[in-house]
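Quick notes on the structure that follows.
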Amino acid sequence: MTAKIISGIEIRKSILQELKKEVQQMQKDHGIVPGLVTILVGESPASLSYVALKIKTALSLGFHEVQESLPEDITEEELLALIERYNNDNSIHGILVQLPLPKHIDEQKVIQAIDPDKDVDAFHPVNIGRLMIGGDIARFHPCTPAGIQEMLKRSNVETKGAEVVVVGRSNIVGKPIAIMMAQKDAWADATVTIVHTCTRDLAMHCRRADILIVAAGVPHLVKPEWIKPGATVIDVGVNRVGVNPDTGKAILQGDVDFEKARKIAGRITPVPGGVGPMTIAMLMKNTLIAAKDHITKSQCN
Ligand code: NAP
C-alpha cells in the first residue's frame, strides 16, 4: 500500500482563497477588514521568519496588518501596555504575540493580558476553557490543532468512533487536539488516547490508532511497525536535523519516518508541507472570526 499524501500546501491554498473572498465581502458589506497586529520581541531568526510569513499572508488576504518589532530588552510593563493599547483599538481584531519571549518576560502574564476576544492564537485560559466546553462556546481553536482537524475534514477521514492516539501532551498541540477530537462534534467524536514520555508501551498504543497524531519533537520517533495498516498519520513534528550544504537551509525531519511509513499508512502528512502550512491559515481564519464577532457586537450596541 502507498499512502495518499495529505498536502497542507494544497489545503492551505483552498482555505486562503475562501478567506480572501470572505474578506472582500466583509469590506463590501461593512466597510471594514480584519485587523491583525503581530508583536515580535527581539530578533530570533526563527521568530523573524514565522512573523514575516504571517504578515505576508495577512496582507495577501487584504487584512489591515500592523507590525510591532520590539527590542529584546523591552520591559514586561512596556509590552503589557502595548497589548492594552491594541485591546482598545477597534481596527485590530486579532493580537498575536510571537512566542517564545525573552526570559525576563513572564509569558503567561502576557498571554493573559490579551483580550480573549482578540486572542487569535487561542492560548488565553478563557479560550482554553471555552475549547474544553466545546460547541459554539469555543470561538477560536488553537491554530495547529485546528489545522490538523481541518486536514482530516478536507481529506474526508472518518473520525466518528475512530481510535485516535495523540503522541505528546503540550498545551499548544497535544492537549488541545486531544480535546477537540474527543468532543461531541463534527470531525471529532473519536475515542482518544494521549501518550507521552511516561507511557509504558508507546508502540502498543500507536498500533491501535486509526488516526495517529504525533507531536513529540523527536525525529523519527514513530517506527513504521508501530503504524496500523491503512491508518491516517498526522506528523506535527518539525525537527532541524542538519543544514543543506548547497542551499544553507535547515534540513527538516518529522517525528515519523515518512518514506517507510507511507508504505503502510492509508494517508499521511509530509514534513515539510504537511501540518506546518496549515497553522498560519488557521491564524487568519481566527482573525476573520474575531472581526465577524466585532461586527456582530457593534450591531448589537
Ligand atoms: P513540546 O512542548 O516539547 O511537547 C512534546 C511532547 O511530546 C511532550 O508532551 C512529551 O512528553 C512528548 N514526548 C517527547 N518525547 C517523547 C517520547 N520519546 N515518547 C513519548 N512522548 C514524547 O512540543 P510541542 O510544542 O508540542 O511540539 C511538538 C513538535 O511539533 C515539535 O517538533 C514542534 O516543532 C512541532 N510543532 C509544529 C507546529 C506546526 O505548525 N507544524 C506547531 C507546533 C509545534 P512529556 O510531556 O512527558 O515530556
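By convention in this document, the chains of the C-alpha cells carry letters A, B, ... by their order, each chain's residues are numbered from 1, and ligands are numbered from 1 in the order they are shown.
Of the residues in segment 38-219 of chain A, those that DSSP places in strand (DSSP E or B) on the basis of the backbone are Thr38, Ile39, Leu40, Val41, His64, Glu65, Val66, Gln67, Glu68, Ser69, Leu70, Gly94, Ile95, Leu96, Val97, Glu163, Val164, Val165, Val166, Val167, Thr191, Val192, Thr193, Ile194, Val195, Ile211, Leu212, Ile213 and Val214 of chain A.
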Query raised in the report: So which residues are near ligand 1, meaning at most 7 Å away with only C-alpha atoms and all ligand atoms counted, given back as a list in words?
Result: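 Going residue by residue within 7 Å of ligand 1, we get Thr144, Val167, Gly168, Arg169, Ser170, Asn171, Ile172, Val173, Gly174, Val195, His196, Thr197, Cys198, Thr199, Leu202, Ala215, Ala216, Gly217, Val218, Leu221, Val236, Gly237, Val238, Asn239, Val275, Gly276, Pro277, Met278 and Thr279 of chain A.
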Those same residues - N, CA and C atoms - I'd like them written as a tab-separated table (two decimals), in the first residue's frame.
```
chain	number	residue	atom	x	y	z
A	144	THR	N	-2.56	25.23	15.36
A	144	THR	CA	-2.04	23.95	14.84
A	144	THR	C	-3.08	22.83	14.98
A	167	VAL	N	0.41	11.53	20.29
A	167	VAL	CA	1.71	11.42	20.95
A	167	VAL	C	2.15	12.83	21.33
A	168	GLY	N	2.21	13.11	22.62
A	168	GLY	CA	2.57	14.46	23.11
A	168	GLY	C	1.40	15.09	23.83
A	169	ARG	N	1.72	15.86	24.86
A	169	ARG	CA	0.66	16.49	25.67
A	169	ARG	C	0.98	17.96	25.93
A	170	SER	N	1.55	18.64	24.94
A	170	SER	CA	1.87	20.06	25.13
A	170	SER	C	0.58	20.87	25.12
A	171	ASN	N	0.68	22.10	25.66
A	171	ASN	CA	-0.51	22.97	25.69
A	171	ASN	C	-0.87	23.49	24.32
A	172	ILE	N	0.11	23.51	23.39
A	172	ILE	CA	-0.22	24.11	22.09
A	172	ILE	C	-0.65	23.08	21.04
A	173	VAL	N	-0.27	21.82	21.22
A	173	VAL	CA	-0.68	20.81	20.23
A	173	VAL	C	-1.38	19.61	20.89
A	174	GLY	N	-0.64	18.83	21.66
A	174	GLY	CA	-1.16	17.54	22.14
A	174	GLY	C	-2.48	17.64	22.89
A	195	VAL	N	-0.55	9.83	24.70
A	195	VAL	CA	0.66	9.14	25.21
A	195	VAL	C	1.80	10.14	25.31
A	196	HIS	N	2.77	9.83	26.18
A	196	HIS	CA	3.86	10.77	26.48
A	196	HIS	C	5.07	10.01	26.98
A	197	THR	N	6.02	10.70	27.57
A	197	THR	CA	7.27	10.04	27.96
A	197	THR	C	7.09	9.02	29.10
A	198	CYS	N	5.99	9.10	29.83
A	198	CYS	CA	5.80	8.14	30.92
A	198	CYS	C	4.92	6.96	30.50
A	199	THR	N	4.49	6.97	29.23
A	199	THR	CA	3.65	5.86	28.75
A	199	THR	C	4.48	4.58	28.72
A	202	LEU	N	4.54	2.61	24.27
A	202	LEU	CA	4.17	3.58	23.23
A	202	LEU	C	3.74	2.86	21.94
A	215	ALA	N	3.10	14.61	17.92
A	215	ALA	CA	3.65	15.94	18.21
A	215	ALA	C	4.59	15.81	19.40
A	216	ALA	N	5.74	15.18	19.15
A	216	ALA	CA	6.71	14.92	20.22
A	216	ALA	C	7.97	15.76	20.06
A	217	GLY	N	8.31	16.11	18.83
A	217	GLY	CA	9.56	16.84	18.60
A	217	GLY	C	10.77	15.93	18.69
A	218	VAL	N	10.59	14.66	18.31
A	218	VAL	CA	11.70	13.70	18.30
A	218	VAL	C	11.78	13.10	16.89
A	221	LEU	N	10.63	9.33	15.74
A	221	LEU	CA	10.25	8.60	16.95
A	221	LEU	C	9.35	7.40	16.62
A	236	VAL	N	3.16	16.14	13.18
A	236	VAL	CA	3.27	17.57	13.52
A	236	VAL	C	4.74	17.98	13.70
A	237	GLY	N	5.58	17.01	13.99
A	237	GLY	CA	6.97	17.30	14.34
A	237	GLY	C	7.72	18.07	13.26
A	238	VAL	N	8.48	19.05	13.70
A	238	VAL	CA	9.38	19.77	12.79
A	238	VAL	C	10.74	19.79	13.50
A	239	ASN	N	11.63	18.95	13.04
A	239	ASN	CA	12.93	18.82	13.70
A	239	ASN	C	14.04	19.22	12.73
A	275	VAL	N	1.43	19.66	8.16
A	275	VAL	CA	0.70	20.46	9.16
A	275	VAL	C	1.20	21.92	9.18
A	276	GLY	N	2.51	22.11	9.00
A	276	GLY	CA	3.11	23.45	9.10
A	276	GLY	C	2.34	24.53	8.34
A	277	PRO	N	2.10	24.35	7.04
A	277	PRO	CA	1.41	25.40	6.28
A	277	PRO	C	-0.01	25.70	6.78
A	278	MET	N	-0.62	24.72	7.47
A	278	MET	CA	-2.00	24.90	7.92
A	278	MET	C	-2.11	25.89	9.08
A	279	THR	N	-1.04	25.96	9.89
A	279	THR	CA	-1.11	26.74	11.13
A	279	THR	C	-1.40	28.22	10.83
```
**Report entry** Separation of atom CA of Val97 of chain A from atom CA of Gly134 of chain A in Å
**Finding:** 24.6 Å
Query raised in the report: Near segment 22-25 of chain A, counting only C-alpha atoms, which residues have an atom at most 8 Å away, once you skip same-chain residues fewer than 5 positions from it, shown as a ChimeraX atom specification?
Result: /A:33-34,61-63,288
Any chance you can output those residues with N, CA, C and O atoms as a compact mmCIF listing (two decimals), in the first residue's frame?
```
# COMPACT_ATOMS: atom_id res chain seq x y z
N VAL A 33 -12.11 45.57 7.27
CA VAL A 33 -11.40 44.31 7.01
C VAL A 33 -10.80 43.82 8.34
O VAL A 33 -10.62 44.63 9.25
N PRO A 34 -10.52 42.52 8.44
CA PRO A 34 -9.92 42.04 9.68
C PRO A 34 -8.58 42.74 9.95
O PRO A 34 -7.80 42.97 9.03
N LEU A 61 -4.33 38.56 2.00
CA LEU A 61 -5.78 38.39 2.14
C LEU A 61 -6.52 39.72 2.21
O LEU A 61 -7.73 39.76 2.27
N GLY A 62 -5.75 40.80 2.25
CA GLY A 62 -6.37 42.12 2.34
C GLY A 62 -6.63 42.57 3.76
O GLY A 62 -7.43 43.48 4.00
N PHE A 63 -5.99 41.94 4.75
CA PHE A 63 -6.15 42.34 6.15
C PHE A 63 -5.48 43.70 6.37
O PHE A 63 -4.56 44.07 5.65
N LEU A 288 -10.36 36.40 11.12
CA LEU A 288 -11.62 36.70 10.43
C LEU A 288 -12.81 36.48 11.37
O LEU A 288 -13.74 37.29 11.43
```
Requested in this report: Once DSSP has gone over the backbone, tell me which residues of segment 8-196 of chain A are in alpha helix (DSSP H), as a PyMOL selection string.
Outcome: chain A and resi 8-30+45-60+76-87+107-113+125-133+143-154+174-182
Query raised in the report: Can you list, as an MDAnalysis selection string, every protein, DNA or RNA residue that comes within 8 Å of Leu252 of chain A when you count only C-alpha atoms, leaving out same-chain residues fewer than 3 positions away?
Result: chainID A and resid 238:242 271:272
Just-selected residues, all heavy atoms written as a tab-separated table (two decimals), in the first residue's frame:
```tsv
chain	number	residue	atom	x	y	z
A	238	VAL	N	8.48	19.05	13.70
A	238	VAL	CA	9.38	19.77	12.79
A	238	VAL	C	10.74	19.79	13.50
A	238	VAL	O	10.93	20.52	14.47
A	238	VAL	CB	8.90	21.22	12.53
A	238	VAL	CG1	9.87	21.93	11.59
A	238	VAL	CG2	7.50	21.24	11.95
A	239	ASN	N	11.63	18.95	13.04
A	239	ASN	CA	12.93	18.82	13.70
A	239	ASN	C	14.04	19.22	12.73
A	239	ASN	O	14.10	18.70	11.61
A	239	ASN	CB	13.14	17.37	14.14
A	239	ASN	CG	11.98	16.87	15.00
A	239	ASN	OD1	11.79	17.34	16.11
A	239	ASN	ND2	11.18	15.94	14.48
A	240	ARG	N	14.88	20.15	13.17
A	240	ARG	CA	16.03	20.55	12.34
A	240	ARG	C	17.15	19.56	12.58
A	240	ARG	O	17.71	19.51	13.68
A	240	ARG	CB	16.46	21.98	12.70
A	240	ARG	CG	15.47	23.00	12.22
A	240	ARG	CD	15.78	24.41	12.68
A	240	ARG	NE	14.92	25.36	11.98
A	240	ARG	CZ	13.64	25.58	12.26
A	240	ARG	NH1	13.06	24.92	13.25
A	240	ARG	NH2	12.93	26.45	11.56
A	241	VAL	N	17.46	18.75	11.57
A	241	VAL	CA	18.43	17.67	11.78
A	241	VAL	C	19.76	17.94	11.08
A	241	VAL	O	20.65	17.11	11.08
A	241	VAL	CB	17.87	16.29	11.31
A	241	VAL	CG1	16.74	15.86	12.21
A	241	VAL	CG2	17.43	16.34	9.85
A	242	GLY	N	19.88	19.11	10.47
A	242	GLY	CA	21.14	19.44	9.79
A	242	GLY	C	20.93	20.63	8.88
A	242	GLY	O	19.85	21.24	8.88
A	271	VAL	N	6.57	16.11	5.98
A	271	VAL	CA	7.28	17.20	6.68
A	271	VAL	C	8.51	17.52	5.83
A	271	VAL	O	9.32	16.62	5.59
A	271	VAL	CB	7.73	16.78	8.09
A	271	VAL	CG1	8.55	17.92	8.74
A	271	VAL	CG2	6.54	16.43	8.97
A	272	PRO	N	8.64	18.73	5.32
A	272	PRO	CA	7.70	19.85	5.43
A	272	PRO	C	6.54	19.70	4.43
A	272	PRO	O	6.53	18.77	3.63
A	272	PRO	CB	8.58	21.05	5.05
A	272	PRO	CG	9.67	20.50	4.17
A	272	PRO	CD	9.88	19.07	4.59
```
Report summary line: In terms of only C-alpha atoms, the residue from A:Ile95, A:Cys206, A:Met1, A:Val164 at minimal distance from Trp187 of chain A is A:Val164
Please report, as a Markdown table, each residue of segment 124-197 of chain A lying at most 12 Å from segment 256-270 of chain A, together with the nearest pair of atoms and the separation in Å rounded to one decimal; use only C-alpha atoms, and order rows by chain and ascending residue number.
```
| residue | atom | partner | partner_atom | distance |
| --- | --- | --- | --- | --- |
| A:Gly147 | CA | A:Thr269 | CA | 11.9 |
| A:Ile148 | CA | A:Thr269 | CA | 9.8 |
| A:Met151 | CA | A:Thr269 | CA | 9.2 |
| A:Leu152 | CA | A:Arg267 | CA | 9.8 |
| A:Ser155 | CA | A:Arg267 | CA | 8.8 |
| A:Asn156 | CA | A:Arg267 | CA | 10.6 |
| A:Val157 | CA | A:Arg267 | CA | 8.9 |
| A:Glu158 | CA | A:Arg267 | CA | 11.8 |
| A:Val167 | CA | A:Val256 | CA | 11.1 |
```
Query raised in the report: Distance atom CA of Lys292 of chain A-atom CA of Pro176 of chain A, one decimal place?
Result: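 Between atom CA of Lys292 of chain A and atom CA of Pro176 of chain A the gap works out to 23.7 Å.
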Query - Gap from atom CA of Thr57 of chain A to atom CA of Gly42 of chain A - Å, one decimal - result: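 According to the coordinates, atom CA of Thr57 of chain A and atom CA of Gly42 of chain A are separated by 21.3 Å.
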Please build the interface table for segment 18-47 of chain A against segment 99-121 of chain A with a cut-off of 9 Å, listing for each qualifying residue the nearest atom pair and the distance in Å to one decimal; count only C-alpha atoms, order rows by chain and increasing number, and write it as a Markdown table.
```
| residue | atom | partner | partner_atom | distance |
| --- | --- | --- | --- | --- |
| A:Leu40 | CA | A:Leu99 | CA | 8.1 |
| A:Val41 | CA | A:Leu101 | CA | 6.6 |
| A:Gly42 | CA | A:Pro102 | CA | 7.7 |
| A:Ser47 | CA | A:Leu99 | CA | 7.5 |
```
Query - Residue nearest Gly161 of chain A among A:Ser44, A:Ala138, A:Ile211, A:Asn127 (counting only C-alpha atoms) - result: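 Among A:Ser44, A:Ala138, A:Ile211, A:Asn127, it is A:Ile211 that comes nearest to Gly161 of chain A.
Nearest residue to Ala3 of chain A among A:Val51, A:Leu80, A:Ile227, A:Ala188 is A:Ile227, counting only C-alpha atoms.
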Requested in this report: Tell me which of A:Ala81, A:Leu36, A:Ile133, A:Ala203 sits closest to Leu59 of chain A, counting only C-alpha atoms.
Outcome: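 With only C-alpha atoms as the atom set, the closest residue is A:Leu36.
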Query raised in the report: Can you list, as number ranges by chain, every protein, DNA or RNA residue that comes within 9 Å of Gly273 of chain A when you count only C-alpha atoms, leaving out same-chain residues fewer than 6 positions away?
Result: A: 6-10
Just write the chosen residues, all heavy atoms, as an mmCIF file, in the first residue's frame.
```
data_model
loop_
_atom_site.group_PDB
_atom_site.id
_atom_site.type_symbol
_atom_site.label_atom_id
_atom_site.label_comp_id
_atom_site.auth_asym_id
_atom_site.auth_seq_id
_atom_site.Cartn_x
_atom_site.Cartn_y
_atom_site.Cartn_z
ATOM 1 N N ILE A 6 -1.512 13.776 2.354
ATOM 2 C CA ILE A 6 -2.364 14.915 2.704
ATOM 3 C C ILE A 6 -1.467 16.149 2.641
ATOM 4 O O ILE A 6 -0.582 16.323 3.482
ATOM 5 C CB ILE A 6 -2.977 14.761 4.116
ATOM 6 C CG1 ILE A 6 -3.762 13.444 4.229
ATOM 7 C CG2 ILE A 6 -3.853 15.960 4.450
ATOM 8 C CD1 ILE A 6 -4.380 13.205 5.612
ATOM 9 N N SER A 7 -1.693 16.967 1.630
ATOM 10 C CA SER A 7 -0.813 18.120 1.426
ATOM 11 C C SER A 7 -1.358 19.368 2.105
ATOM 12 O O SER A 7 -2.397 19.906 1.717
ATOM 13 C CB SER A 7 -0.657 18.384 -0.082
ATOM 14 O OG SER A 7 -0.102 19.673 -0.277
ATOM 15 N N GLY A 8 -0.629 19.832 3.101
ATOM 16 C CA GLY A 8 -1.022 21.064 3.790
ATOM 17 C C GLY A 8 -0.912 22.260 2.857
ATOM 18 O O GLY A 8 -1.679 23.226 2.985
ATOM 19 N N ILE A 9 -0.007 22.185 1.908
ATOM 20 C CA ILE A 9 0.179 23.310 0.979
ATOM 21 C C ILE A 9 -1.075 23.478 0.116
ATOM 22 O O ILE A 9 -1.586 24.585 -0.052
ATOM 23 C CB ILE A 9 1.440 23.078 0.109
ATOM 24 C CG1 ILE A 9 2.682 23.071 1.005
ATOM 25 C CG2 ILE A 9 1.561 24.131 -0.995
ATOM 26 C CD1 ILE A 9 3.971 22.690 0.325
ATOM 27 N N GLU A 10 -1.592 22.346 -0.388
ATOM 28 C CA GLU A 10 -2.782 22.396 -1.247
ATOM 29 C C GLU A 10 -4.012 22.838 -0.453
ATOM 30 O O GLU A 10 -4.795 23.675 -0.909
ATOM 31 C CB GLU A 10 -3.051 21.010 -1.859
ATOM 32 C CG GLU A 10 -2.066 20.621 -2.948
ATOM 33 C CD GLU A 10 -2.032 21.633 -4.095
ATOM 34 O OE1 GLU A 10 -3.122 22.013 -4.556
ATOM 35 O OE2 GLU A 10 -0.927 22.048 -4.503
#
```
